[in-house]
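In what follows, a single structure is set out as structure tokens and then discussed.
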Amino acid sequence: MIVVTTPYLSGYRIVESKGMVFGLVVRSRGLGGNVMAQLRSLGGGEIHEYTSLLEDTRRQALDRLVKNATILGANAVVSMRFDSSEISGTMSEIVAYGTAVVVVPDANAPAVPAVE
């Protein structure tokens, strides 16, 4: 499955749009992790417990997005985005969303230079 944040895919042509897909995850840190994070926040700097939690959660949301796109018969997702919010001050919601499409290689498709 090809997943891109752009509305196009260089070297490919979109032949069918399957619709919007998403992957949603809601997570809460356990009591021990919250206590460690609170203690760490007193000294400032990165809170590794939360960084790890959110990285894992984004990966899981992306995996769910891919699974949902596959179920629809897509072989790519374009315009993928992440969004996040907090629920009740104790939980984080991460959603990955985009448009599921079917793409085919296209030698005539213009190559779009990568942004550096």
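Chain labels run A, B, ... following the order of the structure tokens; each chain numbers its residues from 1, and ligands are numbered from 1 in the order shown.
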Would you mind listing what lies within 7 Å of region 77-92 of chain A as a PDB file with N, CA, C and O atoms, in the first residue's frame, with only C-alpha atoms counted and same-chain residues fewer than 5 positions away left out?
```pdb
ATOM      1  N   ILE A   2       0.647   2.115  -0.963  1.00  0.00           N
ATOM      2  CA  ILE A   2       1.370   3.379  -1.037  1.00  0.00           C
ATOM      3  C   ILE A   2       0.542   4.418  -0.287  1.00  0.00           C
ATOM      4  O   ILE A   2      -0.653   4.566  -0.535  1.00  0.00           O
ATOM      5  N   VAL A   3       1.173   5.135   0.644  1.00  0.00           N
ATOM      6  CA  VAL A   3       0.486   6.183   1.398  1.00  0.00           C
ATOM      7  C   VAL A   3       1.308   7.460   1.264  1.00  0.00           C
ATOM      8  O   VAL A   3       2.490   7.472   1.594  1.00  0.00           O
ATOM      9  N   VAL A   4       0.664   8.520   0.762  1.00  0.00           N
ATOM     10  CA  VAL A   4       1.357   9.794   0.581  1.00  0.00           C
ATOM     11  C   VAL A   4       0.508  10.936   1.133  1.00  0.00           C
ATOM     12  O   VAL A   4      -0.717  10.827   1.235  1.00  0.00           O
ATOM     13  N   THR A   5       1.172  12.029   1.465  1.00  0.00           N
ATOM     14  CA  THR A   5       0.458  13.199   1.966  1.00  0.00           C
ATOM     15  C   THR A   5       0.040  14.140   0.848  1.00  0.00           C
ATOM     16  O   THR A   5      -0.729  15.072   1.090  1.00  0.00           O
ATOM     17  N   THR A   6       0.501  13.883  -0.354  1.00  0.00           N
ATOM     18  CA  THR A   6       0.152  14.710  -1.509  1.00  0.00           C
ATOM     19  C   THR A   6      -1.144  14.212  -2.147  1.00  0.00           C
ATOM     20  O   THR A   6      -1.514  13.054  -1.978  1.00  0.00           O
ATOM     21  N   PRO A   7      -1.821  15.070  -2.927  1.00  0.00           N
ATOM     22  CA  PRO A   7      -3.060  14.630  -3.590  1.00  0.00           C
ATOM     23  C   PRO A   7      -2.798  13.880  -4.896  1.00  0.00           C
ATOM     24  O   PRO A   7      -3.733  13.559  -5.619  1.00  0.00           O
ATOM     25  N   TYR A   8      -1.555  13.594  -5.188  1.00  0.00           N
ATOM     26  CA  TYR A   8      -1.163  12.889  -6.404  1.00  0.00           C
ATOM     27  C   TYR A   8      -0.028  11.941  -6.052  1.00  0.00           C
ATOM     28  O   TYR A   8       0.541  12.015  -4.962  1.00  0.00           O
ATOM     29  N   VAL A  26      -7.517   5.515  20.412  1.00  0.00           N
ATOM     30  CA  VAL A  26      -7.587   6.312  21.637  1.00  0.00           C
ATOM     31  C   VAL A  26      -6.756   5.591  22.682  1.00  0.00           C
ATOM     32  O   VAL A  26      -6.944   4.396  22.914  1.00  0.00           O
ATOM     33  N   ARG A  27      -5.834   6.288  23.270  1.00  0.00           N
ATOM     34  CA  ARG A  27      -4.923   5.679  24.249  1.00  0.00           C
ATOM     35  C   ARG A  27      -4.858   6.510  25.521  1.00  0.00           C
ATOM     36  O   ARG A  27      -5.005   7.719  25.495  1.00  0.00           O
ATOM     37  N   SER A  28      -4.561   5.816  26.613  1.00  0.00           N
ATOM     38  CA  SER A  28      -4.305   6.456  27.892  1.00  0.00           C
ATOM     39  C   SER A  28      -3.051   5.854  28.482  1.00  0.00           C
ATOM     40  O   SER A  28      -2.822   4.649  28.358  1.00  0.00           O
ATOM     41  N   TYR A  97      -6.147   9.878   8.356  1.00  0.00           N
ATOM     42  CA  TYR A  97      -7.216   9.850   7.362  1.00  0.00           C
ATOM     43  C   TYR A  97      -6.701  10.284   5.999  1.00  0.00           C
ATOM     44  O   TYR A  97      -5.663  10.941   5.894  1.00  0.00           O
ATOM     45  N   GLY A  98      -7.391   9.867   4.967  1.00  0.00           N
ATOM     46  CA  GLY A  98      -7.017  10.212   3.606  1.00  0.00           C
ATOM     47  C   GLY A  98      -8.030   9.647   2.634  1.00  0.00           C
ATOM     48  O   GLY A  98      -9.092   9.164   3.030  1.00  0.00           O
ATOM     49  N   THR A  99      -7.687   9.697   1.347  1.00  0.00           N
ATOM     50  CA  THR A  99      -8.568   9.196   0.298  1.00  0.00           C
ATOM     51  C   THR A  99      -7.985   7.923  -0.289  1.00  0.00           C
ATOM     52  O   THR A  99      -6.848   7.917  -0.774  1.00  0.00           O
ATOM     53  N   ALA A 100      -8.756   6.847  -0.223  1.00  0.00           N
ATOM     54  CA  ALA A 100      -8.343   5.559  -0.788  1.00  0.00           C
ATOM     55  C   ALA A 100      -8.567   5.600  -2.293  1.00  0.00           C
ATOM     56  O   ALA A 100      -9.629   6.012  -2.758  1.00  0.00           O
ATOM     57  N   VAL A 101      -7.536   5.197  -3.053  1.00  0.00           N
ATOM     58  CA  VAL A 101      -7.611   5.229  -4.509  1.00  0.00           C
ATOM     59  C   VAL A 101      -6.979   3.984  -5.102  1.00  0.00           C
ATOM     60  O   VAL A 101      -6.237   3.264  -4.430  1.00  0.00           O
TER      61      VAL A 101
END
```
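For the pair CA of Ser17 (chain A) and CA of Val102 (chain A), the interatomic distance is 6.4 Å.
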Item to complete: Work out how far CA of Met20 (chain A) is from CA of Met1 (chain A), in Å to one decimal.
Response: 15.2 Å
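The space between CA of Ala96 (chain A) and CA of Tyr12 (chain A) spans 22.6 Å.
For the choices A:Val15, A:Leu53, A:Leu9, A:Ala61, the atom-to-atom distance to Val95 (chain A) is smallest for A:Ala61 when using only C-alpha atoms.
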